[in-house]
$ cat model_36.pdb   # PDB, C-alpha atoms
ATOM      1  CA  MET A   1      11.440 -21.170 -15.205  1.00  0.00           C
ATOM      2  CA  GLU A   2      11.326 -17.419 -14.765  1.00  0.00           C
ATOM      3  CA  THR A   3      10.456 -16.090 -11.309  1.00  0.00           C
ATOM      4  CA  ARG A   4       7.035 -14.435 -11.198  1.00  0.00           C
ATOM      5  CA  ARG A   5       7.136 -10.781 -10.101  1.00  0.00           C
ATOM      6  CA  ILE A   6       4.417  -9.536  -7.751  1.00  0.00           C
ATOM      7  CA  LEU A   7       3.764  -5.934  -6.760  1.00  0.00           C
ATOM      8  CA  ILE A   8       2.476  -5.571  -3.183  1.00  0.00           C
ATOM      9  CA  VAL A   9       0.504  -2.386  -2.483  1.00  0.00           C
ATOM     10  CA  ASP A  10      -0.273  -1.412   1.117  1.00  0.00           C
ATOM     11  CA  ASP A  11       0.091   1.799   3.105  1.00  0.00           C
ATOM     12  CA  ILE A  12       1.404  -0.086   6.175  1.00  0.00           C
ATOM     13  CA  GLN A  13       5.124  -0.900   6.043  1.00  0.00           C
ATOM     14  CA  ASP A  14       4.843  -3.969   8.312  1.00  0.00           C
ATOM     15  CA  VAL A  15       2.186  -5.490   6.061  1.00  0.00           C
ATOM     16  CA  ARG A  16       4.286  -4.846   2.940  1.00  0.00           C
ATOM     17  CA  ASP A  17       7.332  -6.414   4.617  1.00  0.00           C
ATOM     18  CA  MET A  18       5.377  -9.456   5.838  1.00  0.00           C
ATOM     19  CA  LEU A  19       3.798 -10.114   2.429  1.00  0.00           C
ATOM     20  CA  SER A  20       7.135  -9.591   0.699  1.00  0.00           C
ATOM     21  CA  ASP A  21       8.827 -12.107   3.029  1.00  0.00           C
ATOM     22  CA  ILE A  22       6.047 -14.688   2.590  1.00  0.00           C
ATOM     23  CA  LEU A  23       5.978 -14.359  -1.187  1.00  0.00           C
ATOM     24  CA  GLY A  24       9.777 -14.522  -1.331  1.00  0.00           C
ATOM     25  CA  ALA A  25       9.687 -17.755   0.689  1.00  0.00           C
ATOM     26  CA  LEU A  26       7.081 -19.103  -1.759  1.00  0.00           C
ATOM     27  CA  GLY A  27       9.458 -18.465  -4.656  1.00  0.00           C
ATOM     28  CA  TYR A  28       8.166 -15.161  -6.013  1.00  0.00           C
ATOM     29  CA  GLU A  29      10.008 -11.888  -6.486  1.00  0.00           C
ATOM     30  CA  ALA A  30       8.152  -9.192  -4.567  1.00  0.00           C
ATOM     31  CA  GLN A  31       8.314  -5.418  -4.928  1.00  0.00           C
ATOM     32  CA  THR A  32       6.281  -2.959  -2.875  1.00  0.00           C
ATOM     33  CA  ALA A  33       4.390   0.320  -3.245  1.00  0.00           C
ATOM     34  CA  ASN A  34       2.820   2.569  -0.581  1.00  0.00           C
ATOM     35  CA  ASP A  35      -0.431   3.268  -2.452  1.00  0.00           C
ATOM     36  CA  GLY A  36      -2.192   2.981  -5.785  1.00  0.00           C
ATOM     37  CA  THR A  37      -0.504   6.032  -7.267  1.00  0.00           C
ATOM     38  CA  GLU A  38       2.982   4.640  -6.595  1.00  0.00           C
ATOM     39  CA  ALA A  39       1.845   1.222  -7.823  1.00  0.00           C
ATOM     40  CA  LEU A  40       0.693   2.614 -11.179  1.00  0.00           C
ATOM     41  CA  ALA A  41       4.051   4.322 -11.671  1.00  0.00           C
ATOM     42  CA  LYS A  42       5.880   1.059 -10.928  1.00  0.00           C
ATOM     43  CA  LEU A  43       3.579  -0.906 -13.241  1.00  0.00           C
ATOM     44  CA  GLU A  44       4.393   1.516 -16.063  1.00  0.00           C
ATOM     45  CA  SER A  45       8.151   1.299 -15.540  1.00  0.00           C
ATOM     46  CA  ASP A  46       8.677  -2.383 -14.617  1.00  0.00           C
ATOM     47  CA  PRO A  47       7.191  -5.688 -15.761  1.00  0.00           C
ATOM     48  CA  PHE A  48       5.075  -7.463 -13.134  1.00  0.00           C
ATOM     49  CA  ASP A  49       2.993 -10.622 -13.296  1.00  0.00           C
ATOM     50  CA  MET A  50       0.460  -9.652 -10.639  1.00  0.00           C
ATOM     51  CA  VAL A  51      -0.664  -7.031  -8.089  1.00  0.00           C
ATOM     52  CA  ILE A  52      -1.711  -7.724  -4.493  1.00  0.00           C
ATOM     53  CA  SER A  53      -3.339  -4.633  -3.002  1.00  0.00           C
ATOM     54  CA  ASP A  54      -4.974  -3.604   0.238  1.00  0.00           C
ATOM     55  CA  VAL A  55      -8.435  -2.133  -0.291  1.00  0.00           C
ATOM     56  CA  LYS A  56      -8.227   0.811   2.144  1.00  0.00           C
ATOM     57  CA  MET A  57      -5.329   3.205   1.514  1.00  0.00           C
ATOM     58  CA  PRO A  58      -4.931   6.978   1.351  1.00  0.00           C
ATOM     59  CA  THR A  59      -4.303   8.779  -1.962  1.00  0.00           C
ATOM     60  CA  MET A  60      -5.576   5.925  -4.171  1.00  0.00           C
ATOM     61  CA  ASP A  61      -7.327   2.905  -2.676  1.00  0.00           C
ATOM     62  CA  GLY A  62      -7.199  -0.672  -3.906  1.00  0.00           C
ATOM     63  CA  LEU A  63     -10.537  -0.568  -5.724  1.00  0.00           C
ATOM     64  CA  SER A  64      -9.470   2.501  -7.725  1.00  0.00           C
ATOM     65  CA  LEU A  65      -6.178   0.784  -8.530  1.00  0.00           C
ATOM     66  CA  LEU A  66      -8.063  -2.368  -9.595  1.00  0.00           C
ATOM     67  CA  LYS A  67     -10.299  -0.352 -11.954  1.00  0.00           C
ATOM     68  CA  LEU A  68      -7.346   1.404 -13.602  1.00  0.00           C
ATOM     69  CA  VAL A  69      -5.261  -1.763 -13.969  1.00  0.00           C
ATOM     70  CA  LYS A  70      -8.181  -3.686 -15.506  1.00  0.00           C
ATOM     71  CA  GLN A  71      -8.965  -0.794 -17.889  1.00  0.00           C
ATOM     72  CA  ARG A  72      -5.398  -0.910 -19.192  1.00  0.00           C
ATOM     73  CA  SER A  73      -4.976  -4.667 -19.143  1.00  0.00           C
ATOM     74  CA  PRO A  74      -8.187  -6.660 -18.520  1.00  0.00           C
ATOM     75  CA  ASP A  75      -6.401  -9.985 -17.991  1.00  0.00           C
ATOM     76  CA  PHE A  76      -3.751  -8.695 -15.570  1.00  0.00           C
ATOM     77  CA  PRO A  77      -4.180 -10.514 -12.209  1.00  0.00           C
ATOM     78  CA  VAL A  78      -5.138  -8.349  -9.206  1.00  0.00           C
ATOM     79  CA  LEU A  79      -5.729  -9.817  -5.750  1.00  0.00           C
ATOM     80  CA  LEU A  80      -7.340  -7.572  -3.125  1.00  0.00           C
ATOM     81  CA  ILE A  81      -6.914  -7.802   0.642  1.00  0.00           C
ATOM     82  CA  ALA A  82      -9.285  -6.213   3.157  1.00  0.00           C
ATOM     83  CA  GLY A  83      -9.002  -5.740   6.893  1.00  0.00           C
ATOM     84  CA  HIS A  84     -12.729  -5.806   7.525  1.00  0.00           C
ATOM     85  CA  GLN A  85     -15.580  -7.635   5.900  1.00  0.00           C
ATOM     86  CA  SER A  86     -17.434  -5.270   3.635  1.00  0.00           C
ATOM     87  CA  SER A  87     -19.899  -6.933   1.309  1.00  0.00           C
ATOM     88  CA  GLU A  88     -19.974  -3.688  -0.679  1.00  0.00           C
ATOM     89  CA  ALA A  89     -16.186  -3.832  -1.226  1.00  0.00           C
ATOM     90  CA  VAL A  90     -16.356  -7.519  -2.179  1.00  0.00           C
ATOM     91  CA  CYS A  91     -19.171  -6.839  -4.658  1.00  0.00           C
ATOM     92  CA  GLU A  92     -17.307  -3.885  -6.156  1.00  0.00           C
ATOM     93  CA  ALA A  93     -14.093  -5.923  -6.386  1.00  0.00           C
ATOM     94  CA  LEU A  94     -15.917  -8.704  -8.214  1.00  0.00           C
ATOM     95  CA  HIS A  95     -17.700  -6.211 -10.464  1.00  0.00           C
ATOM     96  CA  TYR A  96     -14.339  -4.796 -11.557  1.00  0.00           C
ATOM     97  CA  ARG A  97     -13.028  -8.327 -12.039  1.00  0.00           C
ATOM     98  CA  ALA A  98     -10.635  -8.771  -9.130  1.00  0.00           C
ATOM     99  CA  ASP A  99      -8.899 -12.143  -9.397  1.00  0.00           C
ATOM    100  CA  GLY A 100      -9.349 -12.830  -5.709  1.00  0.00           C
ATOM    101  CA  PHE A 101     -10.300 -11.251  -2.392  1.00  0.00           C
ATOM    102  CA  LEU A 102      -8.653 -12.179   0.914  1.00  0.00           C
ATOM    103  CA  GLN A 103      -9.935 -11.182   4.324  1.00  0.00           C
ATOM    104  CA  LYS A 104      -7.376 -10.263   7.016  1.00  0.00           C
ATOM    105  CA  PRO A 105      -6.187 -12.122   8.930  1.00  0.00           C
ATOM    106  CA  PHE A 106      -5.450 -14.904   6.449  1.00  0.00           C
ATOM    107  CA  ARG A 107      -3.207 -17.958   6.560  1.00  0.00           C
ATOM    108  CA  ILE A 108      -0.127 -18.349   4.380  1.00  0.00           C
ATOM    109  CA  GLY A 109      -1.811 -21.270   2.626  1.00  0.00           C
ATOM    110  CA  GLN A 110      -4.789 -19.091   1.706  1.00  0.00           C
ATOM    111  CA  LEU A 111      -2.456 -16.441   0.257  1.00  0.00           C
ATOM    112  CA  SER A 112      -0.459 -19.047  -1.665  1.00  0.00           C
ATOM    113  CA  GLU A 113      -3.623 -20.605  -3.143  1.00  0.00           C
ATOM    114  CA  ALA A 114      -5.101 -17.218  -4.085  1.00  0.00           C
ATOM    115  CA  VAL A 115      -1.861 -16.144  -5.795  1.00  0.00           C
ATOM    116  CA  GLU A 116      -1.592 -19.417  -7.727  1.00  0.00           C
ATOM    117  CA  ARG A 117      -5.249 -19.217  -8.835  1.00  0.00           C
ATOM    118  CA  ALA A 118      -4.828 -15.611  -9.992  1.00  0.00           C
ATOM    119  CA  LEU A 119      -1.569 -16.258 -11.840  1.00  0.00           C
ATOM    120  CA  ASN A 120      -2.961 -19.351 -13.530  1.00  0.00           C
ATOM    121  CA  GLY A 121      -6.194 -17.644 -14.520  1.00  0.00           C
ATOM    122  CA  SER A 122      -8.458 -20.078 -12.675  1.00  0.00           C
ATOM    123  CA  ASN A 123     -10.389 -17.527 -10.628  1.00  0.00           C
ATOM    124  CA  GLY A 124     -13.838 -18.743 -11.543  1.00  0.00           C
ATOM    125  CA  HIS A 125     -14.647 -16.029 -14.142  1.00  0.00           C
TER     126      HIS A 125
END

$ encode --input "model_36.pdb" --output "structure tokens"
Amino acid sequence: METRRILIVDDIQDVRDMLSDILGALGYEAQTANDGTEALAKLESDPFDMVISDVKMPTMDGLSLLKLVKQRSPDFPVLLIAGHQSSEAVCEALHYRADGFLQKPFRIGQLSEAVERALNGSNGH
């Protein structure tokens, strides 16, 4: 079976490294991007199976990235991660059809379940 490729988008290096290590241990191939602009460039040049993005980032935030990815490919899985509970961000993420929304801090099991749900298309939509 082919290894699923996940693009991690976060402006904090430690978060990118941690998520990359966790996803690698779970059997995925992880690549990283610093923000939404870099992520879009990588999505255009390389095949990925999913995006995991922080909501708050400079240049292009996670919600803007979500909107653009879903405009180009409505069924492409995008999981958003937020550092603070914002019902407005959750509502906007759901409106633009995010495939999941994790609140920091989260457990590895929560991340693993959210990734599996998003990749398998069972996100409740």

$ resolve_selection --input "model_36.pdb" --expression "the PyMOL selection byres ((chain A and resi 102) around 8)" --output "number ranges by chain"
A: 79-82, 100-101, 103-104, 106, 110-111, 114

$ resolve_selection --input "model_36.pdb" --expression "the PyMOL selection byres ((chain A and resi 32) around 10)" --output "list of chain:residue names"
A:Ile6, A:Leu7, A:Ile8, A:Val9, A:Asp10, A:Asp11, A:Gln13, A:Arg16, A:Asp17, A:Leu19, A:Ser20, A:Ala30, A:Gln31, A:Ala33, A:Asn34, A:Asp35, A:Glu38, A:Ala39, A:Lys42, A:Val51, A:Ile52, A:Ser53

$ closest_residue --input "model_36.pdb" --among "A:Ile108, A:Met57, A:Val115, A:Ala89" --to "Met18 of chain A" --atoms "all atoms listed in the file"
A:Ile108

$ atom_distance --input "model_36.pdb" --atom1 "atom CA of Gln71 of chain A" --atom2 "atom CA of Glu44 of chain A"
13.7 Å

$ atom_distance --input "model_36.pdb" --atom1 "atom CA of Thr3 of chain A" --atom2 "atom CA of Gly27 of chain A"
7.1 Å

$ decode --input "model_36.pdb" --residues "segment 25-74 of chain A" --atoms "N, CA and C atoms" --output "PDB file, in the first residue's frame"
ATOM      1  N   ALA A  25       5.679   8.543  12.632  1.00  0.00           N
ATOM      2  CA  ALA A  25       5.550   7.374  13.498  1.00  0.00           C
ATOM      3  C   ALA A  25       4.238   6.622  13.235  1.00  0.00           C
ATOM      4  N   LEU A  26       3.218   7.352  12.770  1.00  0.00           N
ATOM      5  CA  LEU A  26       1.931   6.735  12.450  1.00  0.00           C
ATOM      6  C   LEU A  26       1.909   6.121  11.048  1.00  0.00           C
ATOM      7  N   GLY A  27       3.015   6.260  10.317  1.00  0.00           N
ATOM      8  CA  GLY A  27       3.112   5.625   9.011  1.00  0.00           C
ATOM      9  C   GLY A  27       2.848   6.517   7.812  1.00  0.00           C
ATOM     10  N   TYR A  28       2.763   7.821   8.040  1.00  0.00           N
ATOM     11  CA  TYR A  28       2.541   8.758   6.941  1.00  0.00           C
ATOM     12  C   TYR A  28       3.850   9.409   6.528  1.00  0.00           C
ATOM     13  N   GLU A  29       3.888   9.913   5.318  1.00  0.00           N
ATOM     14  CA  GLU A  29       5.015  10.740   4.873  1.00  0.00           C
ATOM     15  C   GLU A  29       4.589  12.190   5.047  1.00  0.00           C
ATOM     16  N   ALA A  30       5.358  12.942   5.814  1.00  0.00           N
ATOM     17  CA  ALA A  30       4.990  14.328   6.106  1.00  0.00           C
ATOM     18  C   ALA A  30       5.979  15.304   5.485  1.00  0.00           C
ATOM     19  N   GLN A  31       5.437  16.340   4.885  1.00  0.00           N
ATOM     20  CA  GLN A  31       6.207  17.485   4.390  1.00  0.00           C
ATOM     21  C   GLN A  31       5.676  18.703   5.125  1.00  0.00           C
ATOM     22  N   THR A  32       6.455  19.796   5.133  1.00  0.00           N
ATOM     23  CA  THR A  32       6.002  20.971   5.873  1.00  0.00           C
ATOM     24  C   THR A  32       6.072  22.236   5.023  1.00  0.00           C
ATOM     25  N   ALA A  33       5.270  23.227   5.448  1.00  0.00           N
ATOM     26  CA  ALA A  33       5.273  24.562   4.851  1.00  0.00           C
ATOM     27  C   ALA A  33       5.091  25.573   5.980  1.00  0.00           C
ATOM     28  N   ASN A  34       5.674  26.762   5.807  1.00  0.00           N
ATOM     29  CA  ASN A  34       5.632  27.807   6.840  1.00  0.00           C
ATOM     30  C   ASN A  34       4.313  28.561   6.907  1.00  0.00           C
ATOM     31  N   ASP A  35       3.587  28.628   5.782  1.00  0.00           N
ATOM     32  CA  ASP A  35       2.327  29.366   5.742  1.00  0.00           C
ATOM     33  C   ASP A  35       1.514  28.912   4.536  1.00  0.00           C
ATOM     34  N   GLY A  36       0.343  29.495   4.378  1.00  0.00           N
ATOM     35  CA  GLY A  36      -0.549  29.097   3.304  1.00  0.00           C
ATOM     36  C   GLY A  36       0.008  29.331   1.912  1.00  0.00           C
ATOM     37  N   THR A  37       0.760  30.410   1.757  1.00  0.00           N
ATOM     38  CA  THR A  37       1.342  30.719   0.448  1.00  0.00           C
ATOM     39  C   THR A  37       2.330  29.632   0.029  1.00  0.00           C
ATOM     40  N   GLU A  38       3.217  29.245   0.943  1.00  0.00           N
ATOM     41  CA  GLU A  38       4.177  28.177   0.657  1.00  0.00           C
ATOM     42  C   GLU A  38       3.453  26.846   0.442  1.00  0.00           C
ATOM     43  N   ALA A  39       2.393  26.618   1.208  1.00  0.00           N
ATOM     44  CA  ALA A  39       1.629  25.380   1.069  1.00  0.00           C
ATOM     45  C   ALA A  39       1.007  25.265  -0.323  1.00  0.00           C
ATOM     46  N   LEU A  40       0.419  26.353  -0.810  1.00  0.00           N
ATOM     47  CA  LEU A  40      -0.187  26.321  -2.148  1.00  0.00           C
ATOM     48  C   LEU A  40       0.842  25.994  -3.220  1.00  0.00           C
ATOM     49  N   ALA A  41       2.037  26.574  -3.093  1.00  0.00           N
ATOM     50  CA  ALA A  41       3.096  26.285  -4.060  1.00  0.00           C
ATOM     51  C   ALA A  41       3.474  24.803  -4.022  1.00  0.00           C
ATOM     52  N   LYS A  42       3.568  24.244  -2.819  1.00  0.00           N
ATOM     53  CA  LYS A  42       3.917  22.820  -2.694  1.00  0.00           C
ATOM     54  C   LYS A  42       2.790  21.933  -3.226  1.00  0.00           C
ATOM     55  N   LEU A  43       1.542  22.329  -2.975  1.00  0.00           N
ATOM     56  CA  LEU A  43       0.416  21.541  -3.478  1.00  0.00           C
ATOM     57  C   LEU A  43       0.365  21.525  -5.004  1.00  0.00           C
ATOM     58  N   GLU A  44       0.828  22.613  -5.618  1.00  0.00           N
ATOM     59  CA  GLU A  44       0.840  22.674  -7.088  1.00  0.00           C
ATOM     60  C   GLU A  44       1.971  21.846  -7.680  1.00  0.00           C
ATOM     61  N   SER A  45       3.070  21.694  -6.930  1.00  0.00           N
ATOM     62  CA  SER A  45       4.233  21.014  -7.502  1.00  0.00           C
ATOM     63  C   SER A  45       4.366  19.550  -7.086  1.00  0.00           C
ATOM     64  N   ASP A  46       3.732  19.147  -5.989  1.00  0.00           N
ATOM     65  CA  ASP A  46       3.855  17.775  -5.490  1.00  0.00           C
ATOM     66  C   ASP A  46       2.484  17.194  -5.171  1.00  0.00           C
ATOM     67  N   PRO A  47       2.346  15.863  -5.327  1.00  0.00           N
ATOM     68  CA  PRO A  47       1.071  15.244  -4.954  1.00  0.00           C
ATOM     69  C   PRO A  47       0.996  15.012  -3.438  1.00  0.00           C
ATOM     70  N   PHE A  48      -0.091  15.437  -2.831  1.00  0.00           N
ATOM     71  CA  PHE A  48      -0.350  15.184  -1.417  1.00  0.00           C
ATOM     72  C   PHE A  48      -1.732  14.580  -1.286  1.00  0.00           C
ATOM     73  N   ASP A  49      -1.940  13.866  -0.168  1.00  0.00           N
ATOM     74  CA  ASP A  49      -3.236  13.258   0.101  1.00  0.00           C
ATOM     75  C   ASP A  49      -4.078  14.089   1.060  1.00  0.00           C
ATOM     76  N   MET A  50      -3.425  15.052   1.749  1.00  0.00           N
ATOM     77  CA  MET A  50      -4.127  15.789   2.788  1.00  0.00           C
ATOM     78  C   MET A  50      -3.292  16.980   3.231  1.00  0.00           C
ATOM     79  N   VAL A  51      -3.974  17.999   3.802  1.00  0.00           N
ATOM     80  CA  VAL A  51      -3.303  19.146   4.428  1.00  0.00           C
ATOM     81  C   VAL A  51      -3.756  19.228   5.879  1.00  0.00           C
ATOM     82  N   ILE A  52      -2.785  19.469   6.776  1.00  0.00           N
ATOM     83  CA  ILE A  52      -3.084  19.804   8.173  1.00  0.00           C
ATOM     84  C   ILE A  52      -2.525  21.202   8.369  1.00  0.00           C
ATOM     85  N   SER A  53      -3.382  22.153   8.726  1.00  0.00           N
ATOM     86  CA  SER A  53      -2.945  23.544   8.822  1.00  0.00           C
ATOM     87  C   SER A  53      -3.375  24.207  10.119  1.00  0.00           C
ATOM     88  N   ASP A  54      -2.475  25.014  10.669  1.00  0.00           N
ATOM     89  CA  ASP A  54      -2.817  25.880  11.781  1.00  0.00           C
ATOM     90  C   ASP A  54      -3.773  26.943  11.239  1.00  0.00           C
ATOM     91  N   VAL A  55      -4.622  27.472  12.095  1.00  0.00           N
ATOM     92  CA  VAL A  55      -5.552  28.513  11.666  1.00  0.00           C
ATOM     93  C   VAL A  55      -4.844  29.868  11.604  1.00  0.00           C
ATOM     94  N   LYS A  56      -4.141  30.234  12.673  1.00  0.00           N
ATOM     95  CA  LYS A  56      -3.511  31.563  12.745  1.00  0.00           C
ATOM     96  C   LYS A  56      -2.065  31.509  12.264  1.00  0.00           C
ATOM     97  N   MET A  57      -1.806  32.184  11.138  1.00  0.00           N
ATOM     98  CA  MET A  57      -0.459  32.292  10.580  1.00  0.00           C
ATOM     99  C   MET A  57      -0.352  33.623   9.851  1.00  0.00           C
ATOM    100  N   PRO A  58       0.865  34.184   9.791  1.00  0.00           N
ATOM    101  CA  PRO A  58       1.038  35.394   8.981  1.00  0.00           C
ATOM    102  C   PRO A  58       0.983  35.057   7.489  1.00  0.00           C
ATOM    103  N   THR A  59       0.953  36.047   6.664  1.00  0.00           N
ATOM    104  CA  THR A  59       0.916  35.948   5.201  1.00  0.00           C
ATOM    105  C   THR A  59      -0.411  35.385   4.708  1.00  0.00           C
ATOM    106  N   MET A  60      -0.654  34.088   4.911  1.00  0.00           N
ATOM    107  CA  MET A  60      -1.938  33.479   4.565  1.00  0.00           C
ATOM    108  C   MET A  60      -2.322  32.522   5.674  1.00  0.00           C
ATOM    109  N   ASP A  61      -3.463  32.763   6.319  1.00  0.00           N
ATOM    110  CA  ASP A  61      -3.867  31.914   7.437  1.00  0.00           C
ATOM    111  C   ASP A  61      -4.517  30.623   6.950  1.00  0.00           C
ATOM    112  N   GLY A  62      -4.823  29.752   7.905  1.00  0.00           N
ATOM    113  CA  GLY A  62      -5.368  28.443   7.580  1.00  0.00           C
ATOM    114  C   GLY A  62      -6.745  28.481   6.953  1.00  0.00           C
ATOM    115  N   LEU A  63      -7.588  29.438   7.364  1.00  0.00           N
ATOM    116  CA  LEU A  63      -8.920  29.530   6.766  1.00  0.00           C
ATOM    117  C   LEU A  63      -8.848  29.962   5.306  1.00  0.00           C
ATOM    118  N   SER A  64      -7.947  30.894   5.000  1.00  0.00           N
ATOM    119  CA  SER A  64      -7.758  31.311   3.597  1.00  0.00           C
ATOM    120  C   SER A  64      -7.229  30.153   2.762  1.00  0.00           C
ATOM    121  N   LEU A  65      -6.287  29.403   3.335  1.00  0.00           N
ATOM    122  CA  LEU A  65      -5.751  28.229   2.645  1.00  0.00           C
ATOM    123  C   LEU A  65      -6.868  27.215   2.403  1.00  0.00           C
ATOM    124  N   LEU A  66      -7.678  26.949   3.422  1.00  0.00           N
ATOM    125  CA  LEU A  66      -8.802  26.019   3.301  1.00  0.00           C
ATOM    126  C   LEU A  66      -9.722  26.427   2.144  1.00  0.00           C
ATOM    127  N   LYS A  67     -10.098  27.699   2.094  1.00  0.00           N
ATOM    128  CA  LYS A  67     -10.985  28.192   1.034  1.00  0.00           C
ATOM    129  C   LYS A  67     -10.392  27.932  -0.347  1.00  0.00           C
ATOM    130  N   LEU A  68      -9.117  28.272  -0.521  1.00  0.00           N
ATOM    131  CA  LEU A  68      -8.473  28.106  -1.832  1.00  0.00           C
ATOM    132  C   LEU A  68      -8.337  26.642  -2.219  1.00  0.00           C
ATOM    133  N   VAL A  69      -7.962  25.795  -1.265  1.00  0.00           N
ATOM    134  CA  VAL A  69      -7.817  24.363  -1.561  1.00  0.00           C
ATOM    135  C   VAL A  69      -9.169  23.773  -1.959  1.00  0.00           C
ATOM    136  N   LYS A  70     -10.220  24.115  -1.218  1.00  0.00           N
ATOM    137  CA  LYS A  70     -11.550  23.560  -1.505  1.00  0.00           C
ATOM    138  C   LYS A  70     -12.134  24.107  -2.810  1.00  0.00           C
ATOM    139  N   GLN A  71     -11.754  25.350  -3.185  1.00  0.00           N
ATOM    140  CA  GLN A  71     -12.198  25.882  -4.479  1.00  0.00           C
ATOM    141  C   GLN A  71     -11.590  25.076  -5.616  1.00  0.00           C
ATOM    142  N   ARG A  72     -10.329  24.709  -5.473  1.00  0.00           N
ATOM    143  CA  ARG A  72      -9.625  23.973  -6.521  1.00  0.00           C
ATOM    144  C   ARG A  72      -9.996  22.505  -6.543  1.00  0.00           C
ATOM    145  N   SER A  73     -10.178  21.938  -5.351  1.00  0.00           N
ATOM    146  CA  SER A  73     -10.447  20.512  -5.240  1.00  0.00           C
ATOM    147  C   SER A  73     -11.368  20.268  -4.041  1.00  0.00           C
ATOM    148  N   PRO A  74     -12.677  20.321  -4.248  1.00  0.00           N
ATOM    149  CA  PRO A  74     -13.644  20.266  -3.145  1.00  0.00           C
ATOM    150  C   PRO A  74     -13.520  19.050  -2.226  1.00  0.00           C
TER     151      PRO A  74
END
